[in-house]
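Below is one structure, written out as structure tokens; comments come after it.
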Amino acid sequence: MTAPEITVRPHRDTDVPVLVDVIRAAFAEYRGRLDPPSSAERKSPEVVRAELADGGALVAEHGATVVGCVFWHPRDDGIYLDRLAVLPPWRGHGVGRRLVDAVEALARDAGAHHVSLSVRLALERQRAWYASLGYGFLSEGTHPGYDRPTNVTLRKPLAPST
């Protein structure tokens, strides 16, 4: 099977409504299954614009169709990879990997030493996927109002850009 042609580009302001739709569709399978509930359920154009204020997003397209996105934010000496979302029919085609690779390239170009991200403890498959990409355990985290860890932070050190 030939992989579909996917391009990755920086988001544009006009992409915001589509980003909301992609995030909601990508995280719909977790509705009612995560505790605390995913914030993806509450995404709106206003929320997305606020999240873009201290970083940016990358968009994966097949032709003119947005099939995935990922947000990023500068944090100390690294980049925080946030809200990777791939539409369900596009999973398994390398879209997520292309988006993660693009964030890592952006981080290297910015002189960042690492990329970090958080994953819910309940999402074992996603944690394993990030581990396969070189992301290792950094710490546990707890959502506000919870008395037990609910997520882990993973980190991947980056080699300097050559």
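Here, A, B, ... name the chains of the structure tokens in the order displayed, residue numbers run from 1 inside each chain, and ligands are numbered from 1 in the same displayed order.
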>> Could you list, as a list in words, every residue within 12 Å of Pro36 (chain A), counting only C-alpha atoms and ignoring same-chain residues fewer than 2 positions away?
In response: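 Residues meeting the cut-off are Tyr30, Arg31, Gly32, Arg33, Leu34, Ser38, Ser39, Ala40, Glu41, Arg120, Leu121, Ala122, Thr142, His143, Pro144, Gly145, Tyr146, Asp147, Arg148, Pro149, Thr150 and Asn151 of chain A.
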>> I'd like the contact shell of region 152-160 of chain A - 12 Å cut-off, only C-alpha atoms, skipping same-chain residues fewer than 5 positions apart - returned as JSON, numbers by chain.
In response: {"A": [77, 78, 79, 80, 81, 82, 100, 101, 103, 104, 105, 106, 107, 108, 109, 110, 111, 112, 113, 114, 115, 116, 117, 118, 119, 120, 121, 122, 123, 124, 126, 127, 128, 129, 130, 131, 132, 133, 134, 135, 136, 137, 138, 139, 140, 141, 142, 143]}
>> Between CA of Val47 (chain A) and CA of Val70 (chain A), what distance in Å does the model show, to one decimal?
In response: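 Going from CA of Val47 (chain A) over to CA of Val70 (chain A) covers 14.8 Å.
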Give me, as CSV, the closest atom pair and its distance (Å, one decimal) for every residue of region 85-123 of chain A within a cut-off of 12 Å of region 60-66 of chain A, counting only C-alpha atoms, rows sorted by chain and rising number.
```
residue,atom,partner,partner_atom,distance
A:Ala85,CA,A:Ala60,CA,9.8
A:Val86,CA,A:Ala60,CA,8.6
A:Leu87,CA,A:Val66,CA,8.8
A:Trp90,CA,A:His62,CA,9.7
A:His93,CA,A:His62,CA,11.2
A:Gly94,CA,A:Ala60,CA,10.4
A:Val95,CA,A:Ala60,CA,6.9
A:Gly96,CA,A:Ala60,CA,8.7
A:Arg97,CA,A:Ala60,CA,10.5
A:Arg98,CA,A:Ala60,CA,8.0
A:Leu99,CA,A:Ala60,CA,6.9
A:Val100,CA,A:Ala60,CA,10.7
A:Asp101,CA,A:Ala60,CA,11.7
A:Ala102,CA,A:Ala60,CA,10.0
A:Val103,CA,A:Ala60,CA,11.9
```
>> Need the shell around Arg42 (chain A): protein/DNA/RNA residues with any atom at most 12 Å away, counting only C-alpha atoms. Skip same-chain ones fewer than 4 positions apart. Format as a list in words?
In response: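 With the cut-off at 12 Å, the set is Val20, Asp21, Ile23, Arg24, Phe27, Ala28, Arg31, Pro37, Ser38, Glu46, Val47 and Val48 of chain A.
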Only all heavy atoms, please: the residues just picked out, written as a compact mmCIF listing (two decimals), in the first residue's frame.
```
# COMPACT_ATOMS: atom_id res chain seq x y z
N VAL A 20 -10.32 23.22 15.42
CA VAL A 20 -11.32 22.86 16.43
C VAL A 20 -12.02 21.56 16.01
O VAL A 20 -12.16 20.63 16.80
CB VAL A 20 -12.34 23.99 16.65
CG1 VAL A 20 -13.51 23.53 17.52
CG2 VAL A 20 -11.67 25.21 17.26
N ASP A 21 -12.45 21.50 14.76
CA ASP A 21 -13.15 20.31 14.27
C ASP A 21 -12.26 19.07 14.30
O ASP A 21 -12.72 17.98 14.69
CB ASP A 21 -13.65 20.54 12.84
CG ASP A 21 -14.76 21.58 12.75
OD1 ASP A 21 -15.38 21.90 13.79
OD2 ASP A 21 -14.99 22.08 11.63
N ILE A 23 -9.61 18.48 16.24
CA ILE A 23 -9.37 18.09 17.64
C ILE A 23 -10.59 17.37 18.21
O ILE A 23 -10.47 16.30 18.81
CB ILE A 23 -9.01 19.32 18.50
CG1 ILE A 23 -7.63 19.85 18.09
CG2 ILE A 23 -9.04 18.98 19.99
CD1 ILE A 23 -7.32 21.23 18.63
N ARG A 24 -11.76 17.95 18.02
CA ARG A 24 -12.98 17.31 18.55
C ARG A 24 -13.19 15.92 17.95
O ARG A 24 -13.54 14.98 18.65
CB ARG A 24 -14.19 18.19 18.29
CG ARG A 24 -14.24 19.40 19.20
CD ARG A 24 -15.49 20.18 18.92
NE ARG A 24 -15.61 21.33 19.81
CZ ARG A 24 -16.57 22.22 19.69
NH1 ARG A 24 -17.49 22.10 18.75
NH2 ARG A 24 -16.62 23.23 20.52
N PHE A 27 -10.53 13.33 19.25
CA PHE A 27 -10.64 12.95 20.65
C PHE A 27 -12.04 12.46 21.03
O PHE A 27 -12.29 12.11 22.19
CB PHE A 27 -10.23 14.13 21.56
CG PHE A 27 -8.74 14.32 21.59
CD1 PHE A 27 -8.09 15.01 20.58
CD2 PHE A 27 -7.99 13.80 22.63
CE1 PHE A 27 -6.71 15.18 20.59
CE2 PHE A 27 -6.61 13.96 22.65
CZ PHE A 27 -5.97 14.65 21.63
N ALA A 28 -12.96 12.39 20.07
CA ALA A 28 -14.33 11.97 20.36
C ALA A 28 -14.40 10.57 20.97
O ALA A 28 -15.25 10.30 21.81
CB ALA A 28 -15.18 12.03 19.09
N ARG A 31 -14.61 10.48 24.80
CA ARG A 31 -15.72 11.10 25.52
C ARG A 31 -16.34 10.08 26.47
O ARG A 31 -16.69 8.98 26.07
CB ARG A 31 -16.77 11.62 24.54
CG ARG A 31 -17.89 12.39 25.23
CD ARG A 31 -18.82 13.08 24.25
NE ARG A 31 -18.11 14.21 23.67
CZ ARG A 31 -17.93 14.39 22.36
NH1 ARG A 31 -18.38 13.53 21.50
NH2 ARG A 31 -17.28 15.46 21.91
N PRO A 37 -12.29 14.42 32.25
CA PRO A 37 -12.62 14.45 30.83
C PRO A 37 -11.60 15.27 30.04
O PRO A 37 -10.98 16.21 30.56
CB PRO A 37 -13.99 15.14 30.80
CG PRO A 37 -14.53 14.99 32.17
CD PRO A 37 -13.35 14.97 33.09
N SER A 38 -11.41 14.91 28.80
CA SER A 38 -10.49 15.63 27.92
C SER A 38 -10.99 17.05 27.69
O SER A 38 -12.18 17.28 27.48
CB SER A 38 -10.37 14.90 26.58
OG SER A 38 -9.63 15.69 25.67
N GLU A 46 -12.21 30.42 20.12
CA GLU A 46 -11.61 31.34 21.09
C GLU A 46 -10.55 30.64 21.94
O GLU A 46 -9.47 31.19 22.20
CB GLU A 46 -12.69 31.95 21.98
CG GLU A 46 -13.69 32.82 21.25
CD GLU A 46 -14.71 32.03 20.43
OE1 GLU A 46 -15.01 30.86 20.75
OE2 GLU A 46 -15.21 32.59 19.43
N VAL A 47 -10.86 29.43 22.38
CA VAL A 47 -9.90 28.66 23.18
C VAL A 47 -8.67 28.33 22.36
O VAL A 47 -7.53 28.48 22.83
CB VAL A 47 -10.56 27.37 23.73
CG1 VAL A 47 -9.53 26.42 24.33
CG2 VAL A 47 -11.64 27.71 24.75
N VAL A 48 -8.84 27.91 21.12
CA VAL A 48 -7.71 27.57 20.26
C VAL A 48 -6.85 28.80 20.01
O VAL A 48 -5.62 28.74 20.08
CB VAL A 48 -8.18 26.91 18.96
CG1 VAL A 48 -7.07 26.83 17.93
CG2 VAL A 48 -8.73 25.51 19.26
```
> What is the distance, in Å and to one decimal place, between CA of Val67 (chain A) and CA of Gly55 (chain A)?
Replying inline: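 It comes out at 20.5 Å.
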> Which distance in Å separates CA of Val8 (chain A) and CA of Leu58 (chain A), to one decimal?
Replying inline: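 A separation of 6.5 Å between them.
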Would you mind writing down, as a PDB file with N, CA and C atoms, in the first residue's frame, each residue of region 119-159 of chain A that DSSP on the backbone assigns to strand (DSSP E)?
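Once everything was written out, this is result23.pdb:
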```
ATOM      1  N   VAL A 119       0.891  12.791  28.559  1.00  0.00           N
ATOM      2  CA  VAL A 119      -0.066  11.782  28.098  1.00  0.00           C
ATOM      3  C   VAL A 119      -0.805  11.251  29.314  1.00  0.00           C
ATOM      4  N   ARG A 120      -2.093  11.047  29.176  1.00  0.00           N
ATOM      5  CA  ARG A 120      -2.881  10.470  30.265  1.00  0.00           C
ATOM      6  C   ARG A 120      -2.367   9.073  30.604  1.00  0.00           C
ATOM      7  N   GLY A 136      10.964   9.414  26.707  1.00  0.00           N
ATOM      8  CA  GLY A 136      11.087   8.682  27.952  1.00  0.00           C
ATOM      9  C   GLY A 136      10.422   9.401  29.111  1.00  0.00           C
ATOM     10  N   PHE A 137      10.146   8.644  30.145  1.00  0.00           N
ATOM     11  CA  PHE A 137       9.475   9.157  31.343  1.00  0.00           C
ATOM     12  C   PHE A 137      10.280  10.281  31.980  1.00  0.00           C
ATOM     13  N   LEU A 138       9.601  11.363  32.326  1.00  0.00           N
ATOM     14  CA  LEU A 138      10.209  12.468  33.054  1.00  0.00           C
ATOM     15  C   LEU A 138       9.574  12.627  34.429  1.00  0.00           C
ATOM     16  N   SER A 139       8.221  12.637  34.477  1.00  0.00           N
ATOM     17  CA  SER A 139       7.543  12.829  35.755  1.00  0.00           C
ATOM     18  C   SER A 139       6.070  12.464  35.630  1.00  0.00           C
ATOM     19  N   GLU A 140       5.423  12.314  36.791  1.00  0.00           N
ATOM     20  CA  GLU A 140       3.984  12.138  36.835  1.00  0.00           C
ATOM     21  C   GLU A 140       3.343  13.484  37.142  1.00  0.00           C
ATOM     22  N   GLY A 141       2.114  13.638  36.712  1.00  0.00           N
ATOM     23  CA  GLY A 141       1.379  14.864  36.987  1.00  0.00           C
ATOM     24  C   GLY A 141      -0.026  14.548  37.435  1.00  0.00           C
ATOM     25  N   ASN A 151      -1.507  11.779  34.707  1.00  0.00           N
ATOM     26  CA  ASN A 151      -0.759  11.842  33.448  1.00  0.00           C
ATOM     27  C   ASN A 151       0.729  11.693  33.707  1.00  0.00           C
ATOM     28  N   VAL A 152       1.455  11.477  32.641  1.00  0.00           N
ATOM     29  CA  VAL A 152       2.916  11.448  32.716  1.00  0.00           C
ATOM     30  C   VAL A 152       3.460  12.461  31.724  1.00  0.00           C
ATOM     31  N   THR A 153       4.584  13.039  32.070  1.00  0.00           N
ATOM     32  CA  THR A 153       5.319  13.892  31.142  1.00  0.00           C
ATOM     33  C   THR A 153       6.456  13.060  30.587  1.00  0.00           C
ATOM     34  N   LEU A 154       6.576  13.079  29.283  1.00  0.00           N
ATOM     35  CA  LEU A 154       7.634  12.370  28.570  1.00  0.00           C
ATOM     36  C   LEU A 154       8.533  13.405  27.917  1.00  0.00           C
ATOM     37  N   ARG A 155       9.796  13.038  27.743  1.00  0.00           N
ATOM     38  CA  ARG A 155      10.748  13.982  27.160  1.00  0.00           C
ATOM     39  C   ARG A 155      11.679  13.249  26.214  1.00  0.00           C
ATOM     40  N   LYS A 156      12.035  13.939  25.132  1.00  0.00           N
ATOM     41  CA  LYS A 156      13.017  13.413  24.187  1.00  0.00           C
ATOM     42  C   LYS A 156      14.116  14.451  24.020  1.00  0.00           C
ATOM     43  N   PRO A 157      15.361  14.078  24.368  1.00  0.00           N
ATOM     44  CA  PRO A 157      16.469  15.012  24.139  1.00  0.00           C
ATOM     45  C   PRO A 157      16.722  15.141  22.623  1.00  0.00           C
TER      46      PRO A 157
END
```
>> Write out as a ChimeraX atom specification the set of residues from chain A that DSSP, computed on the backbone, places in alpha helix (DSSP H).
In response: /A:16-27,45-52,95-109,124-132
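For the set A:Pro45, A:Pro4, A:Pro74, A:Asp54, the residue with the smallest atom-to-atom gap to Gly92 (chain A) is A:Pro4, counting only C-alpha atoms.
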